[in-house]
>>> print(open('entry01.cif').read())   # mmCIF, C-alpha atoms
data_target
loop_
_atom_site.label_atom_id
_atom_site.label_comp_id
_atom_site.auth_asym_id
_atom_site.auth_seq_id
_atom_site.Cartn_x
_atom_site.Cartn_y
_atom_site.Cartn_z
CA MET A 1 -11.66 -74.69 25.48
CA SER A 2 -10.88 -71.06 26.22
CA THR A 3 -13.15 -69.23 28.62
CA GLU A 4 -11.32 -65.98 27.98
CA VAL A 5 -13.66 -63.10 27.19
CA LYS A 6 -12.42 -60.55 24.70
CA THR A 7 -13.25 -56.88 25.09
CA LYS A 8 -14.81 -55.37 21.98
CA TRP A 9 -14.10 -51.83 20.86
CA SER A 10 -15.74 -49.81 18.05
CA ILE A 11 -14.32 -46.82 16.21
CA ASP A 12 -15.27 -43.32 17.31
CA THR A 13 -15.33 -41.71 13.85
CA ALA A 14 -15.78 -38.20 15.30
CA HIS A 15 -12.32 -38.50 16.86
CA SER A 16 -10.53 -40.57 14.21
CA GLU A 17 -8.97 -39.91 10.83
CA ILE A 18 -7.54 -42.12 8.10
CA SER A 19 -5.22 -40.01 5.98
CA PHE A 20 -2.35 -40.33 3.54
CA LYS A 21 0.37 -38.12 2.07
CA VAL A 22 1.85 -38.33 -1.42
CA LYS A 23 4.58 -36.26 -3.05
CA HIS A 24 3.38 -34.22 -6.04
CA MET A 25 6.02 -33.45 -8.68
CA MET A 26 8.52 -34.34 -5.93
CA ILE A 27 8.38 -30.78 -4.58
CA SER A 28 5.20 -30.69 -2.49
CA THR A 29 2.98 -33.03 -0.53
CA VAL A 30 -0.73 -33.64 -1.06
CA THR A 31 -2.77 -34.91 1.87
CA GLY A 32 -6.01 -36.83 1.55
CA HIS A 33 -8.29 -38.83 3.77
CA PHE A 34 -11.22 -41.22 3.64
CA GLU A 35 -14.47 -39.79 4.97
CA GLU A 36 -16.30 -43.12 5.35
CA PHE A 37 -14.59 -45.83 7.35
CA ASP A 38 -15.18 -48.34 10.12
CA ALA A 39 -12.87 -50.17 12.50
CA THR A 40 -13.13 -52.60 15.37
CA ALA A 41 -10.75 -54.06 17.90
CA GLU A 42 -10.98 -57.09 20.16
CA THR A 43 -8.53 -57.54 23.00
CA ASP A 44 -8.00 -59.54 26.15
CA SER A 45 -5.93 -56.84 27.91
CA ASP A 46 -5.83 -53.08 28.41
CA LYS A 47 -2.42 -53.04 26.69
CA PHE A 48 -4.00 -54.27 23.41
CA ILE A 49 -1.11 -56.72 22.88
CA ASN A 50 -2.15 -59.13 20.11
CA ALA A 51 -5.51 -57.39 19.75
CA ASP A 52 -7.45 -58.12 16.59
CA PHE A 53 -7.90 -54.94 14.55
CA ASN A 54 -10.17 -54.76 11.49
CA PHE A 55 -10.66 -51.75 9.26
CA THR A 56 -12.62 -50.87 6.13
CA ALA A 57 -12.79 -47.62 4.14
CA LYS A 58 -15.08 -46.70 1.27
CA THR A 59 -12.77 -45.85 -1.63
CA ALA A 60 -15.37 -43.50 -3.12
CA SER A 61 -15.15 -41.39 0.06
CA ILE A 62 -11.61 -40.22 -0.75
CA ASN A 63 -11.14 -36.49 -0.26
CA THR A 64 -8.03 -34.50 -1.22
CA LYS A 65 -9.84 -31.12 -1.33
CA ASN A 66 -9.83 -31.17 -5.15
CA LYS A 67 -12.86 -32.60 -6.99
CA ASP A 68 -11.00 -33.31 -10.24
CA ARG A 69 -8.18 -35.10 -8.44
CA ASP A 70 -10.68 -37.05 -6.30
CA ALA A 71 -12.54 -38.16 -9.44
CA HIS A 72 -9.23 -39.33 -10.94
CA LEU A 73 -8.37 -41.24 -7.75
CA LYS A 74 -11.79 -42.97 -7.86
CA SER A 75 -11.21 -44.02 -11.49
CA ASP A 76 -9.56 -47.20 -12.76
CA ASP A 77 -6.20 -45.36 -12.89
CA PHE A 78 -6.16 -45.67 -9.11
CA PHE A 79 -8.81 -47.16 -6.76
CA ASN A 80 -11.54 -48.06 -9.28
CA ALA A 81 -14.10 -47.30 -6.58
CA GLU A 82 -16.95 -48.69 -8.67
CA LYS A 83 -15.42 -52.18 -8.98
CA TYR A 84 -13.55 -52.12 -5.63
CA PRO A 85 -15.74 -50.10 -3.23
CA GLU A 86 -13.73 -50.90 -0.10
CA MET A 87 -10.17 -51.21 1.07
CA THR A 88 -9.56 -53.37 4.13
CA PHE A 89 -6.98 -54.09 6.80
CA LYS A 90 -6.93 -57.15 9.07
CA SER A 91 -4.28 -57.41 11.76
CA LYS A 92 -2.05 -60.42 12.26
CA SER A 93 -0.08 -59.22 15.30
CA PHE A 94 0.41 -56.23 17.57
CA ASP A 95 3.27 -56.08 20.08
CA GLY A 96 2.37 -52.69 21.52
CA SER A 97 4.37 -50.67 19.00
CA THR A 98 4.24 -52.51 15.66
CA LEU A 99 0.99 -53.54 14.01
CA VAL A 100 1.32 -56.15 11.26
CA GLY A 101 -1.58 -57.05 9.01
CA ASP A 102 -2.97 -57.59 5.56
CA LEU A 103 -3.98 -54.50 3.58
CA THR A 104 -6.25 -55.08 0.59
CA ILE A 105 -6.63 -52.38 -2.05
CA ARG A 106 -8.39 -53.26 -5.31
CA ASP A 107 -7.78 -57.01 -5.71
CA VAL A 108 -4.33 -57.06 -4.12
CA THR A 109 -3.57 -58.07 -0.53
CA LYS A 110 -0.13 -57.37 0.94
CA GLU A 111 1.25 -57.58 4.44
CA ILE A 112 2.23 -54.19 5.85
CA GLU A 113 3.71 -52.90 9.11
CA LEU A 114 2.54 -49.80 10.92
CA ASP A 115 4.39 -48.03 13.72
CA VAL A 116 1.87 -47.43 16.50
CA ASP A 117 1.78 -45.15 19.50
CA PHE A 118 -0.81 -46.44 21.95
CA ASN A 119 -1.82 -43.26 23.77
CA GLY A 120 -3.67 -45.08 26.53
CA ILE A 121 -7.16 -45.43 27.88
CA ALA A 122 -9.36 -42.73 29.42
CA VAL A 123 -12.97 -42.31 30.49
CA ASP A 124 -14.76 -39.43 28.77
CA PRO A 125 -17.20 -37.02 30.50
CA TYR A 126 -20.10 -39.35 29.52
CA GLY A 127 -18.63 -42.39 31.26
CA GLN A 128 -17.46 -44.09 28.06
CA THR A 129 -14.08 -45.81 28.07
CA LYS A 130 -11.90 -44.69 25.15
CA ALA A 131 -8.58 -45.92 23.75
CA GLY A 132 -6.39 -43.82 21.46
CA PHE A 133 -3.81 -44.78 18.85
CA GLU A 134 -1.61 -43.01 16.30
CA ALA A 135 -0.23 -45.17 13.49
CA THR A 136 2.12 -44.38 10.63
CA GLY A 137 3.57 -46.38 7.79
CA LYS A 138 4.46 -46.40 4.13
CA ILE A 139 3.31 -48.42 1.17
CA ASN A 140 4.25 -48.50 -2.48
CA ARG A 141 1.05 -47.70 -4.34
CA LYS A 142 2.15 -49.72 -7.37
CA ASP A 143 2.18 -52.87 -5.20
CA PHE A 144 -1.62 -52.46 -5.07
CA ASN A 145 -2.15 -51.82 -8.82
CA LEU A 146 -2.45 -48.04 -8.36
CA THR A 147 -0.13 -47.68 -11.33
CA TRP A 148 -1.05 -44.45 -13.12
CA SER A 149 2.01 -42.33 -13.75
CA ALA A 150 3.03 -39.23 -15.64
CA VAL A 151 6.17 -37.16 -16.03
CA THR A 152 6.39 -33.37 -16.38
CA GLU A 153 8.28 -31.67 -19.23
CA ALA A 154 11.18 -31.16 -16.83
CA GLY A 155 11.24 -34.88 -16.06
CA SER A 156 9.65 -34.77 -12.61
CA ILE A 157 7.35 -37.60 -11.60
CA VAL A 158 3.84 -36.23 -11.03
CA VAL A 159 2.87 -38.68 -8.26
CA SER A 160 5.38 -40.54 -6.10
CA ASP A 161 5.11 -44.29 -5.66
CA THR A 162 5.52 -44.00 -1.88
CA VAL A 163 2.38 -43.24 0.08
CA LYS A 164 2.69 -42.27 3.73
CA LEU A 165 -0.15 -43.46 5.95
CA VAL A 166 -1.16 -41.34 8.94
CA ILE A 167 -3.91 -42.92 11.03
CA ASP A 168 -5.41 -41.47 14.20
CA LEU A 169 -7.89 -43.78 15.94
CA GLN A 170 -10.06 -43.51 18.98
CA PHE A 171 -12.05 -46.56 20.02
CA THR A 172 -14.99 -46.81 22.40
CA LYS A 173 -15.30 -49.84 24.66
CA LYS A 174 -18.55 -51.70 24.01
#
>>> encode(input="entry01.cif", output="structure tokens")
Amino acid sequence: MSTEVKTKWSIDTAHSEISFKVKHMMISTVTGHFEEFDATAETDSDKFINADFNFTAKTASINTKNKDRDAHLKSDDFFNAEKYPEMTFKSKSFDGSTLVGDLTIRDVTKEIELDVDFNGIAVDPYGQTKAGFEATGKINRKDFNLTWSAVTEAGSIVVSDTVKLVIDLQFTKK
């Protein structure tokens, strides 16, 4: 029986952002983020090696700074936010630089890898212990049944299949 006590961390949403970047017509990049999300971490060391990370985001909270585009992304062409209100991530391993876990979007779960910079631990002016991370990765949106597609008159794809993930997280030690 293990007597090891895990340290619990909760997300500091004021200092965190879950964003993504997608090529539009293959000539420009559109950035969006999720405004409502939650994340936790449990670890047995200050290095976070093999920490358990869990994440959820409300798909209806997507924001790309364009109401029509956001409505389209919430529709069944993409996230179907009504039927699938959350996307989730559950880690399987973390070696200090690569985070592996299961990402679920809609009704599809796939293992993904994220490159992670662990920026360290600091105590804020209020005496709270914080830990900061920057994570990046790529997914193919069609792997998660986000399959809508269109082609311009000139033959350019309107939305690329590759989605870049850019995740900045700050956790507070409980």
>>> resolve_selection(input="entry01.cif", expression="the PyMOL selection byres ((chain A and resi 164) around 9)", output="count of residues only")
13
>>> resolve_selection(input="entry01.cif", expression="the PyMOL selection byres ((chain A and resi 99) around 12)", output="PyMOL selection string")
chain A and resi 48-54+89-98+100-103+111-118+133-137
>>> closest_residue(input="entry01.cif", among="A:Asp68, A:Val30, A:Ala131, A:Arg106", to="Ser160 (chain A)", atoms="all atoms listed in the file")
A:Val30
>>> resolve_selection(input="entry01.cif", expression="the PyMOL selection byres ((chain A and resi 11) around 10)", output="NGL selection string")
:A and (9-10 or 12-16 or 37-41 or 55 or 130-132 or 169-173)
>>> atom_distance(input="entry01.cif", atom1="CA of Val151 (chain A)", atom2="CA of Asp76 (chain A)")
18.9 Å
>>> residues_around(input="entry01.cif", residues="Asp46 (chain A)", least_positions_apart="4", cutoff="9 Å", atoms="all atoms listed in the file", output="number ranges by chain")
A: 7, 120-121, 131
>>> closest_residue(input="entry01.cif", among="A:Asp168, A:Asp143, A:Glu42, A:Glu82", to="Thr109 (chain A)", atoms="all atoms listed in the file")
A:Asp143
>>> atom_distance(input="entry01.cif", atom1="CA of Arg69 (chain A)", atom2="CA of Ser149 (chain A)")
13.6 Å
>>> closest_residue(input="entry01.cif", among="A:Glu17, A:Asp77, A:Asp70, A:Glu36", to="Ile167 (chain A)", atoms="all atoms listed in the file")
A:Glu17
>>> atom_distance(input="entry01.cif", atom1="CA of Ala150 (chain A)", atom2="CA of Met25 (chain A)")
9.5 Å
>>> residues_around(input="entry01.cif", residues="Pro85 (chain A)", least_positions_apart="5", cutoff="7 Å", atoms="only C-alpha atoms", output="PyMOL selection string")
chain A and resi 58-60
>>> closest_residue(input="entry01.cif", among="A:Glu35, A:Glu4, A:Asp107, A:Glu86", to="Phe144 (chain A)", atoms="only C-alpha atoms")
A:Asp107
>>> closest_residue(input="entry01.cif", among="A:Val159, A:Val123, A:Tyr84, A:Ile18", to="Ile62 (chain A)", atoms="only C-alpha atoms")
A:Ile18
>>> residues_around(input="entry01.cif", residues="Phe78 (chain A)", least_positions_apart="4", cutoff="8 Å", atoms="all atoms listed in the file", output="list in words")
His72, Leu73, Lys74, Asn145, Leu146, Thr147 and Trp148 of chain A
